[in-house]
Amino acid sequence: MWLTLAFTSAALLGFYDAAKKKALTGNAVLPVLLLNTLFSSLIFLPAILSAEFGLGWFDGTVLASPPGTAGAHGLVVLKSVIVLTSWIFGYFGMKHLPITIVGPINATRPVMVLVGAMLVFGERLNAWQWTGVALALVSLFLLSRSSRREGVDFAHNVWILCIALAAVTGAVSGLYDKYIMSRLDPVFVQSWYNLYQLGMMAVLTSLLWWPKRHTSSPFHWSWAIPFISVFLSLADFAYLFSLRDSGAMISVVSMIRRGSVVVSFLCGAVLFRERNLRSKAVDLAFILVGMVFLWLGSK
């Protein structure tokens, strides 16, 4: 079951990346991220109200969750900080880079999760799974070469650095998720971390963007913005529930979720008319084959 949820989350993340790229094109990053956290919070607000006031709206459903203790809220606040840091770096990188480059770079995130999972949780991969990880690394190497045709130098591009930092903090988030999901309810975590992120983004946007809004990147409304929240909320919902399974391996779940690059790549080709697709398709093929090896090794 956890594998099915992981693959579902991967598909939804691909649509999330496409909506994010559309919303960020020619737009101010911080207000877009603020609205993302706002809509995500509104989606789960009924679950919070039901749990905190004992309304019983979702009793007997997957949205039912208990009220949290102070310690539980502290764990969620830390998750909010980690995830928001990753998002800020990732949003700026996504705005300035082709989605067909960003997606494969993000596919390296599970390799970092793998190292952490081995050190922290004692997870061990079999030969099939190691083959899948190796193919993902080969894909990143090929991508760094093919991206030069678009003037993107991995070693000297600040937006590549942003995506790399987003991947590192995202890997830390994945390891932390494995830790807290053995202790907390998934709906409690998802609903409250969205709300905490909304408060953090409101402060950041008011301090960093609002005073300079007339001289920095302007904000304009896009209908892609609410779709960011919808796709992300559904993807995280499937992801957090997959980690509740006692047999779930965070290293494998993380790698499967990076299969979202398939959807984002197709959107980059069809919706955004991005270039150099043939060589990038070779990079993508390595990732796809790697996903197959991970799936075979997890059966």
# chains A, B, ... in the order shown; residues from 1 in each chain; ligands from 1
call {"tool": "closest_atom_pairs", "arguments": {"of": "region 68-100 of chain A", "to": "region 191-211 of chain A", "cutoff": "8 Å", "atoms": "only C-alpha atoms", "output": "tab-separated table"}}
result
residue	atom	partner	partner_atom	distance
A:His73	CA	A:Trp192	CA	7.9
A:Val76	CA	A:Tyr193	CA	5.7
A:Val77	CA	A:Tyr193	CA	6.5
A:Lys79	CA	A:Tyr193	CA	7.0
A:Ser80	CA	A:Tyr193	CA	5.3
A:Val81	CA	A:Gln197	CA	7.5
A:Leu84	CA	A:Gln197	CA	6.7
call {"tool": "select_by_dssp", "arguments": {"residues": "region 24-239 of chain A", "states": "helix (DSSP H, G or I)", "output": "number ranges by chain"}}
result
A: 24, 29-52, 70-96, 99-106, 109-120, 127-150, 154-156, 158-180, 186-212, 224-239
call {"tool": "closest_atom_pairs", "arguments": {"of": "region 35-149 of chain A", "to": "region 212-221 of chain A", "cutoff": "12 Å", "atoms": "only C-alpha atoms", "output": "JSON lines"}}
result
{"residue": "A:Leu35", "atom": "CA", "partner": "A:Trp221", "partner_atom": "CA", "distance": 10.0}
{"residue": "A:Phe92", "atom": "CA", "partner": "A:Ser217", "partner_atom": "CA", "distance": 11.8}
{"residue": "A:Lys95", "atom": "CA", "partner": "A:Ser217", "partner_atom": "CA", "distance": 11.4}
call {"tool": "write_last_selection", "arguments": {"atoms": "C-alpha atoms", "output": "compact mmCIF listing (two decimals), in the first residue's frame"}}
result
# COMPACT_ATOMS: atom_id res chain seq x y z
CA LEU A 35 -0.77 32.49 -1.33
CA PHE A 92 13.47 31.11 -6.85
CA LYS A 95 11.35 30.84 -11.65
call {"tool": "atom_distance", "arguments": {"atom1": "CA of Arg244 (chain A)", "atom2": "CA of Pro186 (chain A)"}}
result
7.8 Å
call {"tool": "atom_distance", "arguments": {"atom1": "CA of Pro67 (chain A)", "atom2": "CA of Phe53 (chain A)"}}
result
8.7 Å
call {"tool": "closest_residue", "arguments": {"among": "A:Gly170, A:Gly56, A:Pro31, A:Gly247", "to": "Thr85 (chain A)", "atoms": "only C-alpha atoms"}}
result
A:Gly170
call {"tool": "residues_around", "arguments": {"residues": "Val230 (chain A)", "least_positions_apart": "6", "cutoff": "12 Å", "atoms": "only C-alpha atoms", "output": "mmCIF file with all heavy atoms, in the first residue's frame"}}
result
data_model
loop_
_atom_site.group_PDB
_atom_site.id
_atom_site.type_symbol
_atom_site.label_atom_id
_atom_site.label_comp_id
_atom_site.auth_asym_id
_atom_site.auth_seq_id
_atom_site.Cartn_x
_atom_site.Cartn_y
_atom_site.Cartn_z
ATOM 1 N N LEU A 12 1.202 13.490 -8.576
ATOM 2 C CA LEU A 12 0.648 14.769 -8.148
ATOM 3 C C LEU A 12 1.738 15.831 -8.019
ATOM 4 O O LEU A 12 1.509 17.004 -8.325
ATOM 5 C CB LEU A 12 -0.082 14.599 -6.813
ATOM 6 C CG LEU A 12 -1.373 13.773 -6.882
ATOM 7 C CD1 LEU A 12 -1.839 13.379 -5.488
ATOM 8 C CD2 LEU A 12 -2.468 14.555 -7.606
ATOM 9 N N LEU A 13 2.937 15.429 -7.585
ATOM 10 C CA LEU A 13 4.041 16.382 -7.491
ATOM 11 C C LEU A 13 4.451 16.912 -8.858
ATOM 12 O O LEU A 13 4.881 18.061 -8.986
ATOM 13 C CB LEU A 13 5.247 15.723 -6.815
ATOM 14 C CG LEU A 13 5.251 15.662 -5.295
ATOM 15 C CD1 LEU A 13 6.509 14.967 -4.802
ATOM 16 C CD2 LEU A 13 5.151 17.051 -4.687
ATOM 17 N N PHE A 15 2.410 17.519 -11.388
ATOM 18 C CA PHE A 15 1.449 18.584 -11.706
ATOM 19 C C PHE A 15 1.678 19.813 -10.815
ATOM 20 O O PHE A 15 1.472 20.948 -11.257
ATOM 21 C CB PHE A 15 0.023 18.066 -11.534
ATOM 22 C CG PHE A 15 -0.380 17.057 -12.584
ATOM 23 C CD1 PHE A 15 -0.648 15.739 -12.239
ATOM 24 C CD2 PHE A 15 -0.486 17.424 -13.916
ATOM 25 C CE1 PHE A 15 -1.002 14.817 -13.205
ATOM 26 C CE2 PHE A 15 -0.842 16.502 -14.899
ATOM 27 C CZ PHE A 15 -1.105 15.193 -14.534
ATOM 28 N N TYR A 16 2.103 19.569 -9.588
ATOM 29 C CA TYR A 16 2.440 20.677 -8.681
ATOM 30 C C TYR A 16 3.588 21.507 -9.248
ATOM 31 O O TYR A 16 3.532 22.745 -9.253
ATOM 32 C CB TYR A 16 2.803 20.098 -7.311
ATOM 33 C CG TYR A 16 3.667 20.968 -6.443
ATOM 34 C CD1 TYR A 16 3.176 22.136 -5.879
ATOM 35 C CD2 TYR A 16 4.998 20.610 -6.169
ATOM 36 C CE1 TYR A 16 3.975 22.927 -5.063
ATOM 37 C CE2 TYR A 16 5.797 21.394 -5.359
ATOM 38 C CZ TYR A 16 5.281 22.547 -4.810
ATOM 39 O OH TYR A 16 6.069 23.330 -4.004
ATOM 40 N N ASP A 17 4.630 20.840 -9.751
ATOM 41 C CA ASP A 17 5.759 21.561 -10.340
ATOM 42 C C ASP A 17 5.327 22.371 -11.562
ATOM 43 O O ASP A 17 5.792 23.499 -11.774
ATOM 44 C CB ASP A 17 6.862 20.580 -10.736
ATOM 45 C CG ASP A 17 7.716 20.146 -9.556
ATOM 46 O OD1 ASP A 17 7.715 20.862 -8.543
ATOM 47 O OD2 ASP A 17 8.376 19.092 -9.656
ATOM 48 N N ALA A 19 2.292 23.600 -12.211
ATOM 49 C CA ALA A 19 1.505 24.750 -11.754
ATOM 50 C C ALA A 19 2.412 25.815 -11.146
ATOM 51 O O ALA A 19 2.212 27.021 -11.344
ATOM 52 C CB ALA A 19 0.462 24.290 -10.733
ATOM 53 N N LYS A 20 3.432 25.363 -10.431
ATOM 54 C CA LYS A 20 4.375 26.300 -9.809
ATOM 55 C C LYS A 20 5.142 27.081 -10.873
ATOM 56 O O LYS A 20 5.309 28.304 -10.760
ATOM 57 C CB LYS A 20 5.317 25.515 -8.905
ATOM 58 C CG LYS A 20 6.291 26.351 -8.112
ATOM 59 C CD LYS A 20 6.962 25.520 -7.023
ATOM 60 C CE LYS A 20 7.710 24.338 -7.589
ATOM 61 N NZ LYS A 20 8.456 23.588 -6.552
ATOM 62 N N LEU A 35 0.572 32.939 -0.945
ATOM 63 C CA LEU A 35 -0.766 32.495 -1.330
ATOM 64 C C LEU A 35 -0.858 30.975 -1.353
ATOM 65 O O LEU A 35 -1.909 30.403 -1.033
ATOM 66 C CB LEU A 35 -1.131 33.075 -2.698
ATOM 67 C CG LEU A 35 -1.427 34.572 -2.713
ATOM 68 C CD1 LEU A 35 -1.642 35.071 -4.139
ATOM 69 C CD2 LEU A 35 -2.656 34.889 -1.861
ATOM 70 N N ASN A 36 0.232 30.316 -1.724
ATOM 71 C CA ASN A 36 0.251 28.854 -1.685
ATOM 72 C C ASN A 36 -0.017 28.360 -0.264
ATOM 73 O O ASN A 36 -0.838 27.461 -0.053
ATOM 74 C CB ASN A 36 1.611 28.355 -2.184
ATOM 75 C CG ASN A 36 1.803 26.863 -1.971
ATOM 76 O OD1 ASN A 36 0.870 26.089 -1.899
ATOM 77 N ND2 ASN A 36 3.048 26.463 -1.853
ATOM 78 N N THR A 37 0.685 28.946 0.712
ATOM 79 C CA THR A 37 0.482 28.528 2.103
ATOM 80 C C THR A 37 -0.921 28.909 2.591
ATOM 81 O O THR A 37 -1.505 28.193 3.407
ATOM 82 C CB THR A 37 1.535 29.155 3.028
ATOM 83 O OG1 THR A 37 1.481 30.589 2.929
ATOM 84 C CG2 THR A 37 2.935 28.692 2.636
ATOM 85 N N LEU A 38 -1.453 30.018 2.090
ATOM 86 C CA LEU A 38 -2.815 30.427 2.480
ATOM 87 C C LEU A 38 -3.845 29.418 2.000
ATOM 88 O O LEU A 38 -4.686 28.943 2.791
ATOM 89 C CB LEU A 38 -3.124 31.812 1.908
ATOM 90 C CG LEU A 38 -4.583 32.279 2.056
ATOM 91 C CD1 LEU A 38 -4.967 32.382 3.522
ATOM 92 C CD2 LEU A 38 -4.800 33.612 1.329
ATOM 93 N N PHE A 39 -3.810 29.078 0.720
ATOM 94 C CA PHE A 39 -4.799 28.140 0.176
ATOM 95 C C PHE A 39 -4.639 26.746 0.781
ATOM 96 O O PHE A 39 -5.627 26.060 1.038
ATOM 97 C CB PHE A 39 -4.686 28.088 -1.350
ATOM 98 C CG PHE A 39 -5.141 29.341 -2.035
ATOM 99 C CD1 PHE A 39 -4.341 29.973 -2.979
ATOM 100 C CD2 PHE A 39 -6.377 29.900 -1.739
ATOM 101 C CE1 PHE A 39 -4.763 31.132 -3.610
ATOM 102 C CE2 PHE A 39 -6.813 31.063 -2.364
ATOM 103 C CZ PHE A 39 -5.998 31.684 -3.295
ATOM 104 N N SER A 40 -3.393 26.340 1.013
ATOM 105 C CA SER A 40 -3.163 25.037 1.640
ATOM 106 C C SER A 40 -3.735 25.013 3.057
ATOM 107 O O SER A 40 -4.297 24.000 3.498
ATOM 108 C CB SER A 40 -1.661 24.716 1.670
ATOM 109 O OG SER A 40 -1.140 24.586 0.370
ATOM 110 N N SER A 41 -3.584 26.117 3.768
ATOM 111 C CA SER A 41 -4.132 26.207 5.128
ATOM 112 C C SER A 41 -5.652 26.152 5.116
ATOM 113 O O SER A 41 -6.274 25.501 5.972
ATOM 114 C CB SER A 41 -3.670 27.501 5.802
ATOM 115 O OG SER A 41 -2.263 27.530 5.945
ATOM 116 N N LEU A 42 -6.267 26.822 4.140
ATOM 117 C CA LEU A 42 -7.731 26.825 4.052
ATOM 118 C C LEU A 42 -8.270 25.429 3.756
ATOM 119 O O LEU A 42 -9.346 25.055 4.241
ATOM 120 C CB LEU A 42 -8.178 27.807 2.969
ATOM 121 C CG LEU A 42 -7.964 29.290 3.284
ATOM 122 C CD1 LEU A 42 -8.368 30.156 2.082
ATOM 123 C CD2 LEU A 42 -8.756 29.705 4.521
ATOM 124 N N ILE A 43 -7.525 24.652 2.966
ATOM 125 C CA ILE A 43 -7.963 23.296 2.628
ATOM 126 C C ILE A 43 -8.091 22.443 3.883
ATOM 127 O O ILE A 43 -9.050 21.663 4.034
ATOM 128 C CB ILE A 43 -6.979 22.644 1.631
ATOM 129 C CG1 ILE A 43 -7.096 23.319 0.252
ATOM 130 C CG2 ILE A 43 -7.252 21.144 1.505
ATOM 131 C CD1 ILE A 43 -6.044 22.870 -0.749
ATOM 132 N N PHE A 44 -7.140 22.602 4.820
ATOM 133 C CA PHE A 44 -7.126 21.757 6.015
ATOM 134 C C PHE A 44 -7.690 22.452 7.258
ATOM 135 O O PHE A 44 -7.691 21.859 8.338
ATOM 136 C CB PHE A 44 -5.697 21.285 6.300
ATOM 137 C CG PHE A 44 -5.256 20.171 5.395
ATOM 138 C CD1 PHE A 44 -4.590 20.450 4.214
ATOM 139 C CD2 PHE A 44 -5.521 18.851 5.717
ATOM 140 C CE1 PHE A 44 -4.191 19.428 3.370
ATOM 141 C CE2 PHE A 44 -5.130 17.823 4.879
ATOM 142 C CZ PHE A 44 -4.460 18.105 3.704
ATOM 143 N N TRP A 223 -4.263 31.937 -12.105
ATOM 144 C CA TRP A 223 -5.113 30.845 -11.650
ATOM 145 C C TRP A 223 -4.323 29.574 -11.393
ATOM 146 O O TRP A 223 -4.848 28.601 -10.830
ATOM 147 C CB TRP A 223 -6.228 30.584 -12.656
ATOM 148 C CG TRP A 223 -7.334 31.580 -12.534
ATOM 149 C CD1 TRP A 223 -7.604 32.615 -13.376
ATOM 150 C CD2 TRP A 223 -8.303 31.654 -11.484
ATOM 151 N NE1 TRP A 223 -8.680 33.337 -12.929
ATOM 152 C CE2 TRP A 223 -9.141 32.764 -11.759
ATOM 153 C CE3 TRP A 223 -8.555 30.901 -10.332
ATOM 154 C CZ2 TRP A 223 -10.191 33.136 -10.930
ATOM 155 C CZ3 TRP A 223 -9.606 31.267 -9.503
ATOM 156 C CH2 TRP A 223 -10.406 32.372 -9.805
ATOM 157 N N ALA A 224 -3.048 29.586 -11.778
ATOM 158 C CA ALA A 224 -2.201 28.440 -11.451
ATOM 159 C C ALA A 224 -1.861 28.402 -9.962
ATOM 160 O O ALA A 224 -1.517 27.343 -9.426
ATOM 161 C CB ALA A 224 -0.909 28.491 -12.271
ATOM 162 N N ASP A 236 1.174 15.608 -0.626
ATOM 163 C CA ASP A 236 1.683 15.440 0.735
ATOM 164 C C ASP A 236 0.800 14.502 1.548
ATOM 165 O O ASP A 236 1.286 13.758 2.403
ATOM 166 C CB ASP A 236 1.782 16.799 1.430
ATOM 167 C CG ASP A 236 3.034 17.566 1.035
ATOM 168 O OD1 ASP A 236 3.879 16.991 0.321
ATOM 169 O OD2 ASP A 236 3.167 18.734 1.433
ATOM 170 N N PHE A 237 -0.513 14.553 1.290
ATOM 171 C CA PHE A 237 -1.450 13.678 1.993
ATOM 172 C C PHE A 237 -1.107 12.212 1.714
ATOM 173 O O PHE A 237 -1.002 11.388 2.637
ATOM 174 C CB PHE A 237 -2.879 13.989 1.545
ATOM 175 C CG PHE A 237 -3.946 13.302 2.352
ATOM 176 C CD1 PHE A 237 -4.326 13.802 3.578
ATOM 177 C CD2 PHE A 237 -4.577 12.164 1.879
ATOM 178 C CE1 PHE A 237 -5.312 13.173 4.334
ATOM 179 C CE2 PHE A 237 -5.556 11.531 2.614
ATOM 180 C CZ PHE A 237 -5.932 12.033 3.843
#
call {"tool": "atom_distance", "arguments": {"atom1": "CA of Val263 (chain A)", "atom2": "CA of Asn126 (chain A)"}}
result
27.4 Å
call {"tool": "closest_residue", "arguments": {"among": "A:Arg124, A:His96, A:Arg257, A:Arg183", "to": "Leu3 (chain A)", "atoms": "only C-alpha atoms"}}
result
A:Arg257
call {"tool": "closest_residue", "arguments": {"among": "A:Leu24, A:Leu33, A:Met291, A:Leu78", "to": "Gly259 (chain A)", "atoms": "only C-alpha atoms"}}
result
A:Met291
call {"tool": "closest_residue", "arguments": {"among": "A:Ile180, A:Met255, A:Ala235, A:Ala18", "to": "Pro98 (chain A)", "atoms": "only C-alpha atoms"}}
result
A:Ala18
call {"tool": "closest_residue", "arguments": {"among": "A:Leu97, A:Ile287, A:Val62, A:Val83", "to": "Val133 (chain A)", "atoms": "only C-alpha atoms"}}
result
A:Ile287
call {"tool": "residues_around", "arguments": {"residues": "Glu52 (chain A)", "least_positions_apart": "4", "cutoff": "12 Å", "atoms": "only C-alpha atoms", "output": "list in words"}}
result
Leu45, Pro46, Ala47, Ile48, Gly56, Trp57, Ala64, Ser65, Pro66, Pro67, Gly68, Thr69, Phe188, Ser191 and Trp192 of chain A
call {"tool": "write_last_selection", "arguments": {"atoms": "C-alpha atoms", "output": "short mmCIF file (atom, residue, chain, number, x, y, z; two decimals), in the first residue's frame"}}
result
data_model
loop_
_atom_site.label_atom_id
_atom_site.label_comp_id
_atom_site.auth_asym_id
_atom_site.auth_seq_id
_atom_site.Cartn_x
_atom_site.Cartn_y
_atom_site.Cartn_z
CA LEU A 45 -8.72 24.40 8.25
CA PRO A 46 -11.91 22.32 8.76
CA ALA A 47 -9.78 19.41 10.03
CA ILE A 48 -8.10 21.72 12.57
CA GLY A 56 -16.53 15.37 15.06
CA TRP A 57 -16.97 16.46 11.46
CA ALA A 64 -9.99 12.56 11.59
CA SER A 65 -7.10 13.60 13.84
CA PRO A 66 -6.57 14.19 17.56
CA PRO A 67 -5.65 17.57 19.02
CA GLY A 68 -1.91 17.93 19.51
CA THR A 69 0.18 18.48 22.61
CA PHE A 188 -2.43 16.79 12.32
CA SER A 191 -2.89 20.77 8.64
CA TRP A 192 -0.81 22.53 11.26
#
call {"tool": "closest_residue", "arguments": {"among": "A:Phe58, A:Trp87, A:Phe293, A:Tyr179", "to": "Leu125 (chain A)", "atoms": "only C-alpha atoms"}}
result
A:Phe293
